[in-house]
file coords.pdb (PDB, C-alpha atoms)
ATOM      1  CA  MET A   1       0.000   0.000   0.000
ATOM      2  CA  SER A   2       1.256   3.526  -0.765
ATOM      3  CA  ARG A   3       2.109   6.022   1.975
ATOM      4  CA  PHE A   4      -0.923   8.073   0.932
ATOM      5  CA  GLY A   5      -3.151   5.040   1.267
ATOM      6  CA  GLN A   6      -1.868   4.381   4.789
ATOM      7  CA  ILE A   7      -2.505   7.995   5.818
ATOM      8  CA  ALA A   8      -5.966   8.080   4.249
ATOM      9  CA  ARG A   9      -7.020   4.851   5.928
ATOM     10  CA  GLY A  10      -5.747   6.128   9.269
ATOM     11  CA  LEU A  11      -7.693   9.383   8.956
ATOM     12  CA  GLY A  12     -10.787   7.531   7.796
ATOM     13  CA  ARG A  13     -10.825   5.573  11.043
ATOM     14  CA  MET A  14     -10.799   8.730  13.165
ATOM     15  CA  ILE A  15     -13.100  11.180  11.373
ATOM     16  CA  PRO A  16     -16.890  10.863  11.752
ATOM     17  CA  ALA A  17     -18.534   9.965   8.449
ATOM     18  CA  GLY A  18     -21.039  12.806   8.689
ATOM     19  CA  ALA A  19     -18.269  15.390   8.986
ATOM     20  CA  VAL A  20     -16.728  14.495   5.632
ATOM     21  CA  ARG A  21     -19.836  13.441   3.708
ATOM     22  CA  PRO A  22     -20.072  16.877   1.959
ATOM     23  CA  LEU A  23     -16.548  16.314   0.602
ATOM     24  CA  GLY A  24     -17.557  13.183  -1.266
ATOM     25  CA  ARG A  25     -17.272  12.884  -5.028
ATOM     26  CA  PRO A  26     -17.839   9.972  -7.452
ATOM     27  CA  ALA A  27     -15.456   7.082  -6.887
ATOM     28  CA  ALA A  28     -14.697   3.513  -7.922
ATOM     29  CA  VAL A  29     -13.858   0.718  -5.466
ATOM     30  CA  PHE A  30     -12.773  -2.867  -6.060
ATOM     31  CA  PHE A  31     -12.294  -6.228  -4.405
ATOM     32  CA  HIS A  32     -10.910  -9.553  -5.614
ATOM     33  CA  GLY A  33     -12.260 -12.840  -4.262
ATOM     34  CA  VAL A  34     -14.638 -13.862  -1.464
ATOM     35  CA  GLU A  35     -14.111 -16.957   0.705
ATOM     36  CA  ASP A  36     -15.931 -18.338   3.741
ATOM     37  CA  THR A  37     -12.650 -18.892   5.587
ATOM     38  CA  THR A  38      -9.102 -17.661   5.038
ATOM     39  CA  LEU A  39      -6.678 -20.527   5.650
ATOM     40  CA  ASP A  40      -3.447 -18.579   5.217
ATOM     41  CA  PRO A  41      -3.522 -14.770   4.819
ATOM     42  CA  ARG A  42       0.024 -14.785   3.436
ATOM     43  CA  LEU A  43      -1.338 -16.478   0.314
ATOM     44  CA  GLN A  44      -5.021 -15.516   0.335
ATOM     45  CA  HIS A  45      -4.629 -11.784   0.904
ATOM     46  CA  ASN A  46      -6.745 -11.124  -2.204
ATOM     47  CA  HIS A  47      -9.875 -12.600  -0.604
ATOM     48  CA  HIS A  48     -12.473 -11.161   1.755
ATOM     49  CA  GLU A  49     -14.150 -13.510   4.178
ATOM     50  CA  THR A  50     -17.883 -13.754   3.445
ATOM     51  CA  GLY A  51     -19.118 -12.142   6.657
ATOM     52  CA  ASP A  52     -16.792  -9.159   6.288
ATOM     53  CA  PHE A  53     -17.703  -8.789   2.626
ATOM     54  CA  LEU A  54     -21.416  -8.739   3.427
ATOM     55  CA  GLN A  55     -20.909  -5.971   5.986
ATOM     56  CA  ILE A  56     -18.911  -3.895   3.506
ATOM     57  CA  MET A  57     -21.516  -4.274   0.784
ATOM     58  CA  GLN A  58     -24.344  -3.379   3.166
ATOM     59  CA  ASP A  59     -22.447  -0.217   4.137
ATOM     60  CA  LEU A  60     -21.934   0.727   0.491
ATOM     61  CA  LYS A  61     -25.599   0.195  -0.294
ATOM     62  CA  ALA A  62     -26.704   2.267   2.699
ATOM     63  CA  HIS A  63     -24.448   5.266   2.086
ATOM     64  CA  PHE A  64     -23.753   5.481  -1.649
ATOM     65  CA  ASP A  65     -25.478   5.371  -5.021
ATOM     66  CA  VAL A  66     -23.914   2.233  -6.477
ATOM     67  CA  LEU A  67     -24.297   2.511 -10.244
ATOM     68  CA  PRO A  68     -23.671   0.243 -13.234
ATOM     69  CA  LEU A  69     -20.432   1.086 -15.031
ATOM     70  CA  ASP A  70     -22.300   2.131 -18.174
ATOM     71  CA  ALA A  71     -23.339   5.245 -16.188
ATOM     72  CA  LEU A  72     -19.690   6.295 -15.954
ATOM     73  CA  GLY A  73     -19.765   8.673 -18.920
ATOM     74  CA  ASP A  74     -22.653  10.680 -17.448
ATOM     75  CA  VAL A  75     -20.992  10.815 -14.033
ATOM     76  CA  LEU A  76     -17.650  11.956 -15.449
ATOM     77  CA  ALA A  77     -19.376  14.675 -17.455
ATOM     78  CA  ALA A  78     -20.978  16.195 -14.342
ATOM     79  CA  PRO A  79     -19.333  14.814 -11.188
ATOM     80  CA  ASP A  80     -20.744  17.515  -8.915
ATOM     81  CA  ARG A  81     -24.246  16.251  -9.692
ATOM     82  CA  HIS A  82     -23.315  12.765  -8.473
ATOM     83  CA  PRO A  83     -21.417  13.256  -5.176
ATOM     84  CA  ARG A  84     -22.449   9.840  -3.806
ATOM     85  CA  ALA A  85     -21.997   7.858  -7.037
ATOM     86  CA  LEU A  86     -19.933   4.718  -6.588
ATOM     87  CA  PHE A  87     -18.825   2.026  -9.055
ATOM     88  CA  LEU A  88     -18.187  -1.447  -7.648
ATOM     89  CA  MET A  89     -15.668  -3.754  -9.327
ATOM     90  CA  SER A  90     -13.899  -7.081  -8.893
ATOM     91  CA  ASP A  91     -10.525  -7.960 -10.409
ATOM     92  CA  ASP A  92      -8.920 -11.171 -11.705
ATOM     93  CA  GLY A  93     -11.892 -13.510 -12.190
ATOM     94  CA  TYR A  94     -11.586 -15.920  -9.277
ATOM     95  CA  ALA A  95     -14.107 -18.756  -9.321
ATOM     96  CA  ASN A  96     -15.397 -17.698  -5.927
ATOM     97  CA  THR A  97     -16.809 -14.489  -7.381
ATOM     98  CA  LEU A  98     -19.552 -16.756  -8.739
ATOM     99  CA  SER A  99     -19.819 -19.151  -5.811
ATOM    100  CA  ALA A 100     -19.668 -16.538  -3.031
ATOM    101  CA  ALA A 101     -19.920 -12.920  -4.216
ATOM    102  CA  ALA A 102     -22.487 -12.992  -7.018
ATOM    103  CA  ASP A 103     -25.505 -14.221  -5.031
ATOM    104  CA  LEU A 104     -24.853 -11.759  -2.234
ATOM    105  CA  LEU A 105     -24.531  -8.803  -4.599
ATOM    106  CA  GLU A 106     -27.615  -9.894  -6.516
ATOM    107  CA  GLU A 107     -29.625 -10.101  -3.296
ATOM    108  CA  LEU A 108     -28.505  -6.586  -2.345
ATOM    109  CA  LYS A 109     -29.274  -5.371  -5.884
ATOM    110  CA  LEU A 110     -25.793  -3.928  -6.278
ATOM    111  CA  PRO A 111     -24.517  -3.629  -9.880
ATOM    112  CA  TRP A 112     -20.876  -4.532 -10.394
ATOM    113  CA  THR A 113     -18.185  -5.139 -12.983
ATOM    114  CA  LEU A 114     -15.876  -8.152 -13.192
ATOM    115  CA  PHE A 115     -12.470  -7.644 -14.811
ATOM    116  CA  VAL A 116     -10.991 -10.949 -16.005
ATOM    117  CA  SER A 117      -7.481 -11.906 -17.133
ATOM    118  CA  THR A 118      -8.403 -13.904 -20.204
ATOM    119  CA  HIS A 119      -5.343 -16.163 -20.460
ATOM    120  CA  HIS A 120      -6.179 -17.539 -17.025
ATOM    121  CA  ILE A 121      -9.835 -18.034 -17.969
ATOM    122  CA  ASP A 122      -8.723 -19.848 -21.145
ATOM    123  CA  SER A 123      -6.095 -22.048 -19.511
ATOM    124  CA  GLY A 124      -6.983 -22.333 -15.831
ATOM    125  CA  GLU A 125      -3.383 -21.389 -15.001
ATOM    126  CA  HIS A 126      -2.909 -19.819 -11.586
ATOM    127  CA  ASN A 127      -1.673 -16.288 -11.032
ATOM    128  CA  PRO A 128       2.147 -16.459 -11.309
ATOM    129  CA  ILE A 129       2.621 -14.237  -8.255
ATOM    130  CA  PHE A 130       0.547 -16.633  -6.154
ATOM    131  CA  LEU A 131       2.654 -19.543  -7.449
ATOM    132  CA  ALA A 132       5.900 -17.724  -6.641
ATOM    133  CA  ARG A 133       4.719 -17.027  -3.102
ATOM    134  CA  LEU A 134       3.640 -20.651  -2.778
ATOM    135  CA  PHE A 135       7.188 -21.706  -3.614
ATOM    136  CA  ALA A 136       8.708 -19.174  -1.217
ATOM    137  CA  PHE A 137       6.653 -20.448   1.713
ATOM    138  CA  PHE A 138       6.567 -24.195   1.073
ATOM    139  CA  ALA A 139       9.750 -25.195  -0.779
ATOM    140  CA  PRO A 140      12.382 -26.887   1.412
ATOM    141  CA  ALA A 141      15.038 -24.614   2.875
ATOM    142  CA  GLY A 142      18.088 -24.216   0.696
ATOM    143  CA  ARG A 143      19.669 -22.338  -2.180
ATOM    144  CA  TYR A 144      17.940 -22.300  -5.568
ATOM    145  CA  ASP A 145      19.442 -21.031  -8.811
ATOM    146  CA  ILE A 146      16.417 -19.828 -10.766
ATOM    147  CA  ALA A 147      16.658 -18.574 -14.338
ATOM    148  CA  TYR A 148      16.396 -14.781 -14.748
ATOM    149  CA  LEU A 149      16.461 -13.933 -11.046
ATOM    150  CA  PRO A 150      19.286 -11.474 -10.280
ATOM    151  CA  GLN A 151      20.786 -13.714  -7.589
ATOM    152  CA  PRO A 152      20.262 -17.200  -6.150
ATOM    153  CA  LEU A 153      17.114 -17.609  -4.071
ATOM    154  CA  VAL A 154      18.010 -18.674  -0.527
ATOM    155  CA  LEU A 155      15.085 -19.986   1.512
ATOM    156  CA  ASP A 156      15.561 -19.940   5.271
ATOM    157  CA  GLU A 157      13.395 -19.026   8.233
ATOM    158  CA  GLN A 158      12.721 -15.472   6.968
ATOM    159  CA  ARG A 159      10.078 -16.585   4.500
ATOM    160  CA  ASP A 160       7.808 -13.515   4.630
ATOM    161  CA  ALA A 161      10.593 -11.127   3.668
ATOM    162  CA  ILE A 162      11.925 -13.565   1.064
ATOM    163  CA  ALA A 163       8.492 -13.908  -0.561
ATOM    164  CA  ASP A 164       8.032 -10.130  -0.762
ATOM    165  CA  ALA A 165      11.486  -9.623  -2.269
ATOM    166  CA  LEU A 166      10.888 -12.411  -4.768
ATOM    167  CA  VAL A 167       7.678 -10.803  -5.985
ATOM    168  CA  TRP A 168       9.437  -7.498  -6.615
ATOM    169  CA  GLN A 169      12.246  -9.237  -8.476
ATOM    170  CA  LEU A 170       9.744 -10.973 -10.738
ATOM    171  CA  ARG A 171       7.804  -7.781 -11.416
ATOM    172  CA  ALA A 172      11.020  -6.197 -12.679
ATOM    173  CA  LEU A 173      11.277  -8.826 -15.430
ATOM    174  CA  ASP A 174       9.859  -9.167 -18.884
ATOM    175  CA  MET A 175       6.632 -11.185 -18.546
ATOM    176  CA  VAL A 176       7.936 -14.173 -20.538
ATOM    177  CA  ASN A 177      11.138 -14.393 -18.504
ATOM    178  CA  ALA A 178       9.188 -14.029 -15.269
ATOM    179  CA  GLN A 179       6.933 -16.938 -16.239
ATOM    180  CA  THR A 180       9.998 -19.016 -17.079
ATOM    181  CA  ALA A 181      11.362 -18.286 -13.598
ATOM    182  CA  VAL A 182       8.072 -19.268 -11.947
ATOM    183  CA  ASP A 183       7.923 -22.485 -13.979
ATOM    184  CA  ALA A 184      11.461 -23.302 -12.828
ATOM    185  CA  MET A 185      10.422 -22.839  -9.202
ATOM    186  CA  LEU A 186       7.435 -25.137  -9.560
ATOM    187  CA  ALA A 187       9.622 -27.794 -11.189
ATOM    188  CA  ARG A 188      11.761 -27.797  -8.031
ATOM    189  CA  LEU A 189       8.772 -28.499  -5.782
ATOM    190  CA  ASP A 190       7.686 -32.029  -4.978
ATOM    191  CA  GLN A 191       4.797 -32.507  -7.421
ATOM    192  CA  ALA A 192       2.582 -34.324  -4.927
ATOM    193  CA  LEU A 193       3.068 -31.428  -2.516
ATOM    194  CA  LEU A 194       2.261 -28.950  -5.287
ATOM    195  CA  ARG A 195      -0.988 -30.739  -6.122
ATOM    196  CA  ASP A 196      -1.924 -30.763  -2.452
ATOM    197  CA  LEU A 197      -1.198 -27.051  -2.072
ATOM    198  CA  LEU A 198      -3.222 -26.105  -5.143
ATOM    199  CA  GLU A 199      -6.144 -28.119  -3.794
ATOM    200  CA  ARG A 200      -5.770 -26.604  -0.336
ATOM    201  CA  PHE A 201      -5.788 -23.075  -1.747
ATOM    202  CA  SER A 202      -8.652 -23.630  -4.164
ATOM    203  CA  SER A 203      -9.652 -19.991  -3.648
ATOM    204  CA  GLU A 204      -6.976 -19.169  -6.250
ATOM    205  CA  ARG A 205      -8.777 -20.966  -9.081
ATOM    206  CA  PHE A 206     -10.210 -18.911 -11.912
ATOM    207  CA  LEU A 207     -13.605 -18.963 -13.556
ATOM    208  CA  ASN A 208     -14.120 -20.670 -16.915
ATOM    209  CA  TRP A 209     -15.953 -19.108 -19.835
ATOM    210  CA  ASP A 210     -19.281 -20.810 -19.071
ATOM    211  CA  GLN A 211     -19.158 -19.267 -15.614
ATOM    212  CA  VAL A 212     -18.207 -15.852 -16.979
ATOM    213  CA  ARG A 213     -21.164 -16.055 -19.361
ATOM    214  CA  GLU A 214     -23.448 -16.969 -16.465
ATOM    215  CA  LEU A 215     -22.375 -13.852 -14.601
ATOM    216  CA  ALA A 216     -22.953 -11.736 -17.704
ATOM    217  CA  ARG A 217     -26.465 -13.193 -18.068
ATOM    218  CA  ARG A 218     -27.104 -12.167 -14.475
ATOM    219  CA  GLY A 219     -26.276  -8.557 -15.312
ATOM    220  CA  VAL A 220     -22.597  -8.353 -14.395
ATOM    221  CA  THR A 221     -20.539  -6.126 -16.700
ATOM    222  CA  ILE A 222     -17.475  -7.997 -17.978
ATOM    223  CA  GLY A 223     -14.271  -6.048 -18.525
ATOM    224  CA  ALA A 224     -10.652  -6.901 -19.300
ATOM    225  CA  HIS A 225      -7.822  -7.233 -16.773
ATOM    226  CA  ALA A 226      -5.141  -7.802 -19.422
ATOM    227  CA  ASP A 227      -4.558 -11.199 -21.006
ATOM    228  CA  ARG A 228      -2.016 -12.520 -18.493
ATOM    229  CA  HIS A 229      -2.110 -11.103 -14.980
ATOM    230  CA  TRP A 230       1.133  -9.167 -15.118
ATOM    231  CA  PRO A 231       2.070  -5.490 -14.704
ATOM    232  CA  LEU A 232       2.031  -3.451 -17.897
ATOM    233  CA  ASN A 233       5.207  -1.677 -16.889
ATOM    234  CA  GLU A 234       8.366  -0.415 -18.551
ATOM    235  CA  HIS A 235       9.907  -3.893 -18.538
ATOM    236  CA  GLN A 236       7.417  -5.087 -21.176
ATOM    237  CA  THR A 237       7.911  -4.480 -24.894
ATOM    238  CA  PRO A 238       5.450  -2.308 -26.848
ATOM    239  CA  ASP A 239       4.343  -5.382 -28.815
ATOM    240  CA  MET A 240       3.675  -7.295 -25.609
ATOM    241  CA  LEU A 241       1.687  -4.381 -24.207
ATOM    242  CA  ARG A 242      -0.426  -4.189 -27.343
ATOM    243  CA  THR A 243      -1.176  -7.906 -27.041
ATOM    244  CA  GLN A 244      -1.983  -7.549 -23.337
ATOM    245  CA  ALA A 245      -4.534  -4.855 -24.199
ATOM    246  CA  ALA A 246      -6.052  -6.107 -27.468
ATOM    247  CA  ARG A 247      -6.279  -9.859 -26.921
ATOM    248  CA  PRO A 248      -8.549  -9.806 -23.850
ATOM    249  CA  LYS A 249     -10.990  -7.492 -25.585
ATOM    250  CA  ALA A 250     -11.198  -9.839 -28.551
ATOM    251  CA  ARG A 251     -11.572 -12.922 -26.337
ATOM    252  CA  ILE A 252     -14.305 -11.400 -24.172
ATOM    253  CA  GLU A 253     -16.234 -10.156 -27.189
ATOM    254  CA  ALA A 254     -15.992 -13.580 -28.817
ATOM    255  CA  GLU A 255     -17.110 -15.438 -25.693
ATOM    256  CA  VAL A 256     -19.455 -13.036 -23.917
ATOM    257  CA  GLY A 257     -20.234  -9.777 -25.705
ATOM    258  CA  PRO A 258     -19.083  -6.151 -25.839
ATOM    259  CA  CYS A 259     -16.071  -5.219 -23.701
ATOM    260  CA  ARG A 260     -15.646  -1.485 -23.094
ATOM    261  CA  TYR A 261     -13.630  -1.318 -19.888
ATOM    262  CA  PHE A 262     -10.124  -2.276 -18.754
ATOM    263  CA  SER A 263      -8.320  -2.454 -15.410
ATOM    264  CA  TYR A 264      -4.550  -2.722 -15.047
ATOM    265  CA  PRO A 265      -3.084  -5.670 -13.106
ATOM    266  CA  PHE A 266      -1.422  -4.307  -9.949
ATOM    267  CA  GLY A 267      -2.214  -0.883 -11.377
ATOM    268  CA  ASN A 268      -0.125   1.445  -9.225
ATOM    269  CA  ILE A 269       2.847   3.705  -9.893
ATOM    270  CA  GLY A 270       5.541   1.570 -11.518
ATOM    271  CA  ASP A 271       2.991  -0.924 -12.890
ATOM    272  CA  ILE A 272       1.834   1.092 -15.909
ATOM    273  CA  SER A 273       4.031   2.591 -18.608
ATOM    274  CA  SER A 274       3.208   5.355 -21.053
ATOM    275  CA  TRP A 275       3.100   2.711 -23.803
ATOM    276  CA  ALA A 276       0.572   0.716 -21.753
ATOM    277  CA  TRP A 277      -2.220   3.257 -21.451
ATOM    278  CA  GLN A 278      -1.811   4.159 -25.114
ATOM    279  CA  ALA A 279      -2.091   0.475 -26.035
ATOM    280  CA  VAL A 280      -5.309   0.282 -23.997
ATOM    281  CA  ARG A 281      -6.668   3.376 -25.703
ATOM    282  CA  ASP A 282      -5.743   2.093 -29.156
ATOM    283  CA  ALA A 283      -7.364  -1.287 -28.456
ATOM    284  CA  GLY A 284     -10.735   0.465 -28.367
ATOM    285  CA  TYR A 285     -11.732   0.584 -24.699
ATOM    286  CA  ALA A 286     -13.841   3.474 -23.442
ATOM    287  CA  HIS A 287     -12.233   3.746 -19.981
ATOM    288  CA  ALA A 288      -9.509   2.063 -17.927
ATOM    289  CA  PHE A 289      -8.766   1.955 -14.211
ATOM    290  CA  THR A 290      -5.603   2.035 -12.120
ATOM    291  CA  THR A 291      -5.359   1.248  -8.400
ATOM    292  CA  LEU A 292      -4.339   4.754  -7.355
ATOM    293  CA  SER A 293      -6.801   6.221  -4.862
ATOM    294  CA  GLY A 294      -8.791   9.284  -5.877
ATOM    295  CA  THR A 295     -12.148  10.419  -7.193
ATOM    296  CA  LEU A 296     -13.584  10.575 -10.687
ATOM    297  CA  ASP A 297     -13.797  13.795 -12.693
ATOM    298  CA  ALA A 298     -13.990  15.001 -16.268
ATOM    299  CA  GLN A 299     -10.391  16.309 -16.320
ATOM    300  CA  ALA A 300      -8.859  12.884 -15.719
ATOM    301  CA  ASN A 301      -7.261  10.804 -18.442
ATOM    302  CA  PRO A 302     -10.083   8.319 -19.168
ATOM    303  CA  PHE A 303      -7.506   5.517 -19.503
ATOM    304  CA  LEU A 304      -5.871   6.183 -16.123
ATOM    305  CA  LEU A 305      -8.830   6.556 -13.777
ATOM    306  CA  PRO A 306      -8.395   6.022 -10.013
ATOM    307  CA  ARG A 307      -9.891   3.222  -7.906
ATOM    308  CA  TYR A 308      -9.759   2.332  -4.240
ATOM    309  CA  GLY A 309      -9.018  -1.230  -3.098
ATOM    310  CA  LEU A 310     -11.328  -2.352  -0.294
ATOM    311  CA  GLU A 311      -9.568  -3.632   2.825
ATOM    312  CA  GLN A 312     -10.556  -6.980   4.276
ATOM    313  CA  ARG A 313     -12.035  -5.331   7.394
ATOM    314  CA  PRO A 314     -12.240  -1.577   6.778
ATOM    315  CA  ALA A 315     -13.051   0.749   9.655
ATOM    316  CA  ASN A 316     -15.324   3.743   8.980
ATOM    317  CA  LEU A 317     -15.414   3.012   5.259
ATOM    318  CA  THR A 318     -18.021   5.708   4.564
ATOM    319  CA  ALA A 319     -15.697   8.442   5.805
ATOM    320  CA  LEU A 320     -12.721   6.971   3.994
ATOM    321  CA  ILE A 321     -14.429   6.953   0.595
ATOM    322  CA  SER A 322     -15.518  10.561   1.142
ATOM    323  CA  LEU A 323     -11.853  11.461   1.721
ATOM    324  CA  LEU A 324     -10.548   9.865  -1.476
ATOM    325  CA  ARG A 325     -10.427  13.213  -3.271
ATOM    326  CA  ALA A 326      -7.322  13.952  -1.160
ATOM    327  CA  GLY A 327      -5.479  11.622  -3.539
ATOM    328  CA  ASN A 328      -6.386  13.523  -6.692
ATOM    329  CA  ALA A 329      -3.187  15.586  -6.801
ATOM    330  CA  ARG A 330      -1.121  12.409  -6.776
ATOM    331  CA  VAL A 331      -3.320  10.865  -9.478
ATOM    332  CA  GLY A 332      -2.961  14.012 -11.590
ATOM    333  CA  ARG A 333       0.829  13.979 -11.309
ATOM    334  CA  PHE A 334       0.886  10.329 -12.312
ATOM    335  CA  GLN A 335      -1.320  10.969 -15.354
ATOM    336  CA  ARG A 336       0.785  13.927 -16.486
ATOM    337  CA  GLN A 337       3.985  11.935 -16.062
ATOM    338  CA  LEU A 338       2.695   9.129 -18.278
ATOM    339  CA  ALA A 339       1.331  11.584 -20.839
ATOM    340  CA  GLY A 340       4.885  12.799 -21.345
TER     341      GLY A 340
END
call {"tool": "encode", "arguments": {"input": "coords.pdb", "output": "structure tokens"}}
result
Amino acid sequence: MSRFGQIARGLGRMIPAGAVRPLGRPAAVFFHGVEDTTLDPRLQHNHHETGDFLQIMQDLKAHFDVLPLDALGDVLAAPDRHPRALFLMSDDGYANTLSAAADLLEELKLPWTLFVSTHHIDSGEHNPIFLARLFAFFAPAGRYDIAYLPQPLVLDEQRDAIADALVWQLRALDMVNAQTAVDAMLARLDQALLRDLLERFSSERFLNWDQVRELARRGVTIGAHADRHWPLNEHQTPDMLRTQAARPKARIEAEVGPCRYFSYPFGNIGDISSWAWQAVRDAGYAHAFTTLSGTLDAQANPFLLPRYGLEQRPANLTALISLLRAGNARVGRFQRQLAG
């Protein structure tokens, strides 16, 4: 989480919601998966537990005007007329968005958008960052020479720090080389252990296309979250970025229907290059979302819009969302930097 995000969440816990309600402006928020029980938060940090998720959604329904994403153009054109407008989104396309989140959101009559990484829907392959963390926590202690990593990977008792450092090393690689490194890690794991771990952490499985179509039939807007779940950063070639933007749109439109919206994997500063947002624009999307916190307005680059990631157990969420406009200066600097 950014320093701004830490400060904003701290203030949101202390300030009464009513005091900051007049400051509110349209915003977008997102979650990932929803599980009844979290077995290991080191690996399942992308998932809300069902009870917590229900409380969050009830709070959003009570205090905001949760709108379908197709209303975004009208809201951006006149944000002051929609101070309580909120757009609800889910990233990645975990299978539990159908088994746990969809019924709850349907019962609450909350419209939402699901952004899917189409390679993972096509193949069923797990998120490579999850797989790398799996290796870091469960591989036997020792030294591992892994292709493309800048130095040997030494696993000892400091597994949390090692896992975090490994993720950053991978994110600084070309996507193809990073996948090669992850594949090399998995090849070093006992395969029976790997199968057991993947079954144990079934929350990390992705939807298939039949399930995505079912969600679309139930009114969920389907957007693109790149083809492979990987940052669209400066370490990727322009050709790769164009593929990451164009292929998911084509796959979703072939399997489900129109695809007008995009969200960037990871999506923060350092995860999006100037080539990336232009590739998204040129692929034909109407709008795209980062994970920088802020509010929505007409002056923003429509392909670098802010979103706020919902905590697992947020305190005083109503006040916090009303304070998101404090991040707009940072969002603006980021947009100008990428615009060149």
call {"tool": "resolve_selection", "arguments": {"input": "coords.pdb", "expression": "the PyMOL selection byres ((chain A and resi 184) around 12)", "output": "list in words"}}
result
Pro128, Leu131, Ala132, Phe135, Tyr144, Asp145, Ile146, Ala147, Tyr148, Leu149, Leu153, Asn177, Ala178, Gln179, Thr180, Ala181, Val182, Asp183, Met185, Leu186, Ala187, Arg188 and Leu189 of chain A
call {"tool": "residues_around", "arguments": {"input": "coords.pdb", "residues": "Phe64 in chain A", "least_positions_apart": "4", "cutoff": "9 Å", "atoms": "only C-alpha atoms", "output": "ChimeraX atom specification"}}
result
/A:59-60,83-86,318
call {"tool": "atom_distance", "arguments": {"input": "coords.pdb", "atom1": "CA of Gly51 in chain A", "atom2": "CA of Leu105 in chain A"}}
result
12.9 Å
call {"tool": "axis_aligned_box", "arguments": {"input": "coords.pdb", "around": "range 40-43 of chain A", "padding_each_side": "4 Å", "output": "AutoDock Vina command-line options"}}
result
--center_x -1.7 --center_y -16.7 --center_z 2.8 --size_x 11.5 --size_y 11.8 --size_z 12.9
call {"tool": "resolve_selection", "arguments": {"input": "coords.pdb", "expression": "the PyMOL selection byres ((chain A and resi 87) around 10)", "output": "VMD selection string"}}
result
chain A and resid 26 to 30 64 to 72 85 to 86 88 to 89 110 to 113 307
call {"tool": "resolve_selection", "arguments": {"input": "coords.pdb", "expression": "the PyMOL selection byres ((chain A and resi 36) around 6)", "output": "ChimeraX atom specification"}}
result
/A:35,37,49-50
call {"tool": "write_last_selection", "arguments": {"input": "coords.pdb", "atoms": "C-alpha atoms", "output": "short mmCIF file (atom, residue, chain, number, x, y, z; two decimals), in the frame of the given file"}}
result
data_model
loop_
_atom_site.label_atom_id
_atom_site.label_comp_id
_atom_site.auth_asym_id
_atom_site.auth_seq_id
_atom_site.Cartn_x
_atom_site.Cartn_y
_atom_site.Cartn_z
CA GLU A 35 -14.11 -16.96 0.70
CA THR A 37 -12.65 -18.89 5.59
CA GLU A 49 -14.15 -13.51 4.18
CA THR A 50 -17.88 -13.75 3.44
#
call {"tool": "atom_distance", "arguments": {"input": "coords.pdb", "atom1": "CA of Val176 in chain A", "atom2": "CA of Gly93 in chain A"}}
result
21.5 Å
call {"tool": "atom_distance", "arguments": {"input": "coords.pdb", "atom1": "CA of Arg200 in chain A", "atom2": "CA of Ile121 in chain A"}}
result
20.0 Å
call {"tool": "closest_atom_pairs", "arguments": {"input": "coords.pdb", "of": "range 69-109 of chain A", "to": "range 207-229 of chain A", "cutoff": "8 Å", "atoms": "all atoms listed in the file", "output": "Markdown table"}}
result
| residue | atom | partner | partner_atom | distance |
| --- | --- | --- | --- | --- |
| A:Leu69 | CA | A:Thr221 | CA | 7.4 |
| A:Asp91 | CA | A:His225 | CA | 7.0 |
| A:Asp92 | CA | A:His225 | CA | 6.5 |
| A:Gly93 | CA | A:Leu207 | CA | 5.9 |
| A:Tyr94 | CA | A:Leu207 | CA | 5.6 |
| A:Ala95 | CA | A:Leu207 | CA | 4.3 |
| A:Asn96 | CA | A:Leu207 | CA | 7.9 |
| A:Leu98 | CA | A:Leu215 | CA | 7.1 |
| A:Ala102 | CA | A:Leu215 | CA | 7.6 |
call {"tool": "write_last_selection", "arguments": {"input": "coords.pdb", "atoms": "C-alpha atoms", "output": "short mmCIF file (atom, residue, chain, number, x, y, z; two decimals), keeping the file's coordinate frame"}}
result
data_model
loop_
_atom_site.label_atom_id
_atom_site.label_comp_id
_atom_site.auth_asym_id
_atom_site.auth_seq_id
_atom_site.Cartn_x
_atom_site.Cartn_y
_atom_site.Cartn_z
CA LEU A 69 -20.43 1.09 -15.03
CA ASP A 91 -10.52 -7.96 -10.41
CA ASP A 92 -8.92 -11.17 -11.70
CA GLY A 93 -11.89 -13.51 -12.19
CA TYR A 94 -11.59 -15.92 -9.28
CA ALA A 95 -14.11 -18.76 -9.32
CA ASN A 96 -15.40 -17.70 -5.93
CA LEU A 98 -19.55 -16.76 -8.74
CA ALA A 102 -22.49 -12.99 -7.02
#
call {"tool": "residues_around", "arguments": {"input": "coords.pdb", "residues": "Arg42 in chain A", "least_positions_apart": "2", "cutoff": "9 Å", "atoms": "all atoms listed in the file", "output": "MDAnalysis selection string"}}
result
chainID A and resid 40 44:45 133 137 160
call {"tool": "residues_around", "arguments": {"input": "coords.pdb", "residues": "Ala283 in chain A", "least_positions_apart": "6", "cutoff": "12 Å", "atoms": "all atoms listed in the file", "output": "number ranges by chain"}}
result
A: 224, 226, 241-250, 259-262, 276-277, 303
call {"tool": "write_last_selection", "arguments": {"input": "coords.pdb", "atoms": "C-alpha atoms", "output": "short mmCIF file (atom, residue, chain, number, x, y, z; two decimals), keeping the file's coordinate frame"}}
result
data_model
loop_
_atom_site.label_atom_id
_atom_site.label_comp_id
_atom_site.auth_asym_id
_atom_site.auth_seq_id
_atom_site.Cartn_x
_atom_site.Cartn_y
_atom_site.Cartn_z
CA ALA A 224 -10.65 -6.90 -19.30
CA ALA A 226 -5.14 -7.80 -19.42
CA LEU A 241 1.69 -4.38 -24.21
CA ARG A 242 -0.43 -4.19 -27.34
CA THR A 243 -1.18 -7.91 -27.04
CA GLN A 244 -1.98 -7.55 -23.34
CA ALA A 245 -4.53 -4.86 -24.20
CA ALA A 246 -6.05 -6.11 -27.47
CA ARG A 247 -6.28 -9.86 -26.92
CA PRO A 248 -8.55 -9.81 -23.85
CA LYS A 249 -10.99 -7.49 -25.58
CA ALA A 250 -11.20 -9.84 -28.55
CA CYS A 259 -16.07 -5.22 -23.70
CA ARG A 260 -15.65 -1.48 -23.09
CA TYR A 261 -13.63 -1.32 -19.89
CA PHE A 262 -10.12 -2.28 -18.75
CA ALA A 276 0.57 0.72 -21.75
CA TRP A 277 -2.22 3.26 -21.45
CA PHE A 303 -7.51 5.52 -19.50
#
